[in-house]
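*Asks:* File protein.json below, JSON, C-alpha atoms:
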```json
[["chain", "number", "residue", "atom", "x", "y", "z"],
["A", 1, "MET", "CA", 104.09, 109.54, 96.21],
["A", 2, "SER", "CA", 103.94, 107.65, 99.49],
["A", 3, "ASP", "CA", 102.06, 104.62, 100.73],
["A", 4, "TRP", "CA", 100.72, 103.76, 104.15],
["A", 5, "PHE", "CA", 100.45, 100.15, 105.33],
["A", 6, "LEU", "CA", 98.72, 98.50, 108.26],
["A", 7, "ALA", "CA", 101.61, 96.28, 109.28],
["A", 8, "ALA", "CA", 103.85, 95.30, 112.16],
["A", 9, "GLU", "CA", 107.33, 96.78, 112.20],
["A", 10, "ASP", "CA", 108.86, 93.42, 111.30],
["A", 11, "ALA", "CA", 107.21, 93.76, 107.86],
["A", 12, "ALA", "CA", 109.27, 96.88, 107.06],
["A", 13, "GLU", "CA", 112.03, 95.07, 105.14],
["A", 14, "GLY", "CA", 109.47, 93.27, 102.98],
["A", 15, "ILE", "CA", 107.58, 96.49, 102.31],
["A", 16, "ALA", "CA", 110.83, 98.19, 101.26],
["A", 17, "ALA", "CA", 111.52, 95.28, 98.92],
["A", 18, "GLY", "CA", 108.06, 95.58, 97.34],
["A", 19, "GLU", "CA", 106.54, 92.55, 99.08],
["A", 20, "PHE", "CA", 103.25, 93.95, 100.34],
["A", 21, "ASP", "CA", 100.42, 92.71, 98.11],
["A", 22, "ASP", "CA", 98.53, 91.16, 101.02],
["A", 23, "LEU", "CA", 98.78, 94.19, 103.35],
["A", 24, "PRO", "CA", 96.05, 96.82, 103.62],
["A", 25, "HIS", "CA", 97.45, 100.02, 102.21],
["A", 26, "LEU", "CA", 96.64, 103.50, 101.00],
["A", 27, "SER", "CA", 98.50, 105.29, 98.21],
["A", 28, "ILE", "CA", 98.99, 108.95, 99.01],
["A", 29, "PRO", "CA", 99.92, 111.56, 96.38],
["A", 30, "LEU", "CA", 102.14, 113.40, 98.86],
["A", 31, "ARG", "CA", 105.89, 113.71, 99.37],
["A", 32, "ARG", "CA", 107.62, 112.89, 102.66],
["A", 33, "THR", "CA", 108.06, 116.60, 103.40],
["A", 34, "GLU", "CA", 104.33, 117.21, 102.96],
["A", 35, "LEU", "CA", 103.49, 114.32, 105.26],
["A", 36, "ALA", "CA", 106.05, 115.51, 107.83],
["A", 37, "ALA", "CA", 104.30, 118.90, 107.76],
["A", 38, "LEU", "CA", 100.95, 117.17, 108.27],
["A", 39, "TYR", "CA", 102.28, 115.19, 111.25],
["A", 40, "ALA", "CA", 103.57, 118.45, 112.74],
["A", 41, "ALA", "CA", 100.22, 120.18, 112.15],
["A", 42, "LEU", "CA", 98.40, 117.29, 113.81],
["A", 43, "THR", "CA", 100.64, 117.27, 116.88],
["A", 44, "ASP", "CA", 101.38, 121.03, 117.04],
["A", 45, "THR", "CA", 105.14, 120.45, 116.74],
["A", 46, "GLU", "CA", 107.88, 121.36, 114.29],
["A", 47, "PRO", "CA", 108.23, 119.09, 111.21],
["A", 48, "ASP", "CA", 110.96, 116.45, 111.27],
["A", 49, "ASP", "CA", 114.00, 117.07, 109.12],
["A", 50, "PRO", "CA", 113.28, 115.10, 105.89],
["A", 51, "ARG", "CA", 117.01, 114.29, 105.60],
["A", 52, "ALA", "CA", 116.85, 112.38, 108.89],
["A", 53, "PRO", "CA", 113.45, 110.69, 108.95],
["A", 54, "ALA", "CA", 112.05, 109.79, 112.35],
["A", 55, "GLY", "CA", 110.95, 106.20, 112.91],
["A", 56, "LEU", "CA", 113.22, 104.79, 110.18],
["A", 57, "LEU", "CA", 112.68, 101.03, 109.90],
["A", 58, "ALA", "CA", 114.11, 99.99, 106.52],
["A", 59, "VAL", "CA", 116.04, 101.33, 103.55],
["A", 60, "GLU", "CA", 116.10, 99.81, 100.06],
["A", 61, "ALA", "CA", 118.93, 101.68, 98.36],
["A", 62, "ASP", "CA", 118.47, 100.05, 94.94],
["A", 63, "ALA", "CA", 114.82, 101.11, 94.80],
["A", 64, "GLY", "CA", 115.48, 104.46, 96.50],
["A", 65, "VAL", "CA", 112.82, 103.98, 99.19],
["A", 66, "ILE", "CA", 112.58, 104.05, 102.95],
["A", 67, "VAL", "CA", 110.04, 102.69, 105.39],
["A", 68, "THR", "CA", 109.21, 104.66, 108.52],
["A", 69, "ARG", "CA", 106.62, 104.34, 111.22],
["A", 70, "VAL", "CA", 103.91, 107.00, 111.11],
["A", 71, "PRO", "CA", 103.97, 108.82, 114.47],
["A", 72, "ALA", "CA", 101.40, 107.34, 116.84],
["A", 73, "ALA", "CA", 100.41, 110.80, 118.12],
["A", 74, "ALA", "CA", 99.59, 111.96, 114.58],
["A", 75, "LEU", "CA", 97.55, 108.81, 113.90],
["A", 76, "GLU", "CA", 95.62, 109.30, 117.13],
["A", 77, "VAL", "CA", 94.61, 112.84, 116.17],
["A", 78, "LEU", "CA", 93.71, 111.72, 112.64],
["A", 79, "ALA", "CA", 91.60, 108.83, 113.95],
["A", 80, "GLU", "CA", 89.64, 111.19, 116.22],
["A", 81, "MET", "CA", 89.25, 113.95, 113.62],
["A", 82, "THR", "CA", 85.77, 115.23, 112.87],
["A", 83, "PRO", "CA", 84.46, 117.75, 110.33],
["A", 84, "ARG", "CA", 84.57, 120.26, 113.17],
["A", 85, "THR", "CA", 88.21, 119.66, 114.14],
["A", 86, "ALA", "CA", 89.60, 119.30, 110.60],
["A", 87, "PRO", "CA", 89.61, 122.97, 109.39],
["A", 88, "PRO", "CA", 92.27, 124.25, 111.84],
["A", 89, "ILE", "CA", 94.48, 121.27, 110.98],
["A", 90, "MET", "CA", 94.01, 121.89, 107.26],
["A", 91, "ALA", "CA", 94.92, 125.55, 107.77],
["A", 92, "ARG", "CA", 98.13, 124.74, 109.72],
["A", 93, "TRP", "CA", 99.10, 122.05, 107.20],
["A", 94, "SER", "CA", 98.36, 124.30, 104.22],
["A", 95, "ALA", "CA", 100.46, 127.12, 105.67],
["A", 96, "ALA", "CA", 103.36, 124.75, 106.39],
["A", 97, "ILE", "CA", 103.52, 123.45, 102.82],
["A", 98, "GLY", "CA", 102.72, 126.76, 101.12],
["A", 99, "HIS", "CA", 99.43, 125.49, 99.71],
["A", 100, "GLY", "CA", 97.10, 128.37, 98.96],
["A", 101, "GLU", "CA", 93.82, 126.51, 99.42],
["A", 102, "PRO", "CA", 93.46, 124.65, 102.73],
["A", 103, "ASP", "CA", 90.02, 123.29, 101.80],
["A", 104, "ALA", "CA", 91.54, 121.48, 98.81],
["A", 105, "LEU", "CA", 93.46, 119.30, 101.29],
["A", 106, "GLY", "CA", 90.22, 118.04, 102.84],
["A", 107, "GLU", "CA", 89.78, 114.98, 100.63],
["A", 108, "GLN", "CA", 93.30, 113.73, 101.28],
["A", 109, "LEU", "CA", 92.94, 114.42, 104.98],
["A", 110, "SER", "CA", 89.65, 112.53, 105.04],
["A", 111, "GLU", "CA", 91.24, 109.46, 103.40],
["A", 112, "LEU", "CA", 94.14, 109.55, 105.85],
["A", 113, "ALA", "CA", 91.74, 109.89, 108.78],
["A", 114, "ALA", "CA", 89.72, 106.86, 107.63],
["A", 115, "PHE", "CA", 92.92, 104.81, 107.35],
["A", 116, "ALA", "CA", 93.99, 105.99, 110.82],
["A", 117, "ARG", "CA", 90.64, 104.84, 112.20],
["A", 118, "ASP", "CA", 91.18, 101.43, 110.59],
["A", 119, "ALA", "CA", 94.61, 101.29, 112.24],
["A", 120, "ALA", "CA", 93.12, 102.18, 115.62],
["A", 121, "VAL", "CA", 90.48, 99.44, 115.30],
["A", 122, "SER", "CA", 93.04, 96.84, 114.19],
["A", 123, "GLY", "CA", 95.62, 97.83, 116.81],
["A", 124, "ARG", "CA", 98.37, 97.72, 114.17],
["A", 125, "PRO", "CA", 100.87, 100.48, 113.51],
["A", 126, "VAL", "CA", 100.99, 102.34, 110.22],
["A", 127, "LEU", "CA", 104.19, 102.13, 108.18],
["A", 128, "GLN", "CA", 105.02, 104.62, 105.46],
["A", 129, "LEU", "CA", 106.87, 103.73, 102.25],
["A", 130, "ALA", "CA", 108.34, 106.74, 100.45],
["A", 131, "PRO", "CA", 111.16, 107.65, 98.11],
["A", 132, "TYR", "CA", 114.21, 109.21, 99.65]]
```
As structure tokens, how would this structure be written, given the file I've shared?

*Replies:*
Amino acid sequence: MSDWFLAAEDAAEGIAAGEFDDLPHLSIPLRRTELAALYAALTDTEPDDPRAPAGLLAVEADAGVIVTRVPAAALEVLAEMTPRTAPPIMARWSAAIGHGEPDALGEQLSELAAFARDAAVSGRPVLQLAPY
């Protein structure tokens, strides 16, 4: 399970410590590796190594969580996604994570795209809280 937050990078330590009640957020039933595969599918790149997360902002060892910045390029593609552009992304993402039904990823992708649009409108980055 991961969470996305509309928050400035200086909020990363608080998010890692569980201090985020007042921040807009989205709970995502996906692991870091699945999200890394999505970011790669969105940007047509190779997934980041989950052992060395890109955009690392904070670590809370006692809670076993990290906070990273969601790649801006991935957010941009998500924010501009339409029903017409989503199927190829779902297919690439599905293949990368070994998911047999790309269409089943549509609802999650739609929620992420809506959150990315909110981020674009607000001008704030998106931070990701996930277990490590």

*Asks:* For Val65 (chain A), which of A:Pro29, A:Gly14, A:Gly100, A:Pro125 is the closest residue, counting all atoms listed in the file?

*Replies:*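 Of A:Pro29, A:Gly14, A:Gly100, A:Pro125, the one nearest Val65 (chain A) is A:Gly14, counting all atoms listed in the file.
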
*Asks:* Could you give me, as a list in words, the residues within 7 Å of Ser2 (chain A), counting only C-alpha atoms and dropping anything in the same chain fewer than 2 positions from it?

*Replies:* Trp4, Ser27, Ile28, Pro29, Leu30, Arg31, Gln128, Leu129 and Ala130 of chain A

*Asks:* Please report the interatomic distance between CA of Ala40 (chain A) and CA of Ala119 (chain A) in Å with one decimal.

*Replies:*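 Going from CA of Ala40 (chain A) over to CA of Ala119 (chain A) covers 19.4 Å.
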
*Asks:* Find the residue from A:Asp21, A:Glu34, A:Glu46, A:Asp10 that sits nearest to Leu105 (chain A); use only C-alpha atoms when measuring.

*Replies:*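 Ranking A:Asp21, A:Glu34, A:Glu46, A:Asp10 by distance to Leu105 (chain A), first place goes to A:Glu34.
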
*Asks:* List as a VMD selection string the protein and nucleic acid residues near Tyr39 (chain A), meaning an atom at most 8 Å away when only C-alpha atoms are counted, but skip any in the same chain fewer than 5 places from it.

*Replies:* chain A and resid 47 71 74

*Asks:* Point out the residue among A:Phe5, A:Ala73, A:Glu13, A:Pro83 with the least atom-to-atom distance to Val59 (chain A), counting all atoms listed in the file.

*Replies:* A:Glu13

*Asks:* Which residues are near Leu78 (chain A)? Cut-off 9 Å, all atoms listed in the file, ignore same chain within fewer than 5 positions. Put them as number ranges by chain.

*Replies:* A: 42, 73, 86, 109-110, 112-117

*Asks:* Enter the distance from CA of Glu101 (chain A) to CA of Arg32 (chain A), in Å, rounded to one decimal.

*Replies:*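 For CA of Glu101 (chain A) relative to CA of Arg32 (chain A), the distance reads 19.7 Å.
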
*Asks:* How big is the axis-aligned box around all listed atoms of region 89-105 of chain A once 3 Å goes on each side, and where's its centre, in Å to one decimal, as lines of an AutoDock Vina configuration file?

*Replies:*
```
center_x = 96.8
center_y = 123.8
center_z = 104.9
size_x = 19.5
size_y = 15.1
size_z = 18.2
```

*Asks:* Grab the CA of Ala54 (chain A) to CA of Asp22 (chain A) distance for me, in Å with one decimal place.

*Replies:*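 Here the two named atoms are 25.7 Å from each other.
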
*Asks:* Considering only C-alpha atoms, state which residue in the set A:Ala8, A:Leu23, A:Val121, A:Ile15 is at the smallest distance from Ile66 (chain A).

*Replies:*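 Smallest separation from Ile66 (chain A) among the options: A:Ile15.
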
*Asks:* Ranking A:Pro88, A:Ala79, A:Thr43, A:Arg69 by minimum distance to Asp3 (chain A) and counting only C-alpha atoms, which one comes first?

*Replies:*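 Smallest separation from Asp3 (chain A) among the options: A:Arg69.
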
*Asks:* Just checking: using only C-alpha atoms, which residue out of A:Ala16, A:Leu38, A:Leu57, A:Met81 ends up closest to Ala95 (chain A)?

*Replies:* A:Leu38
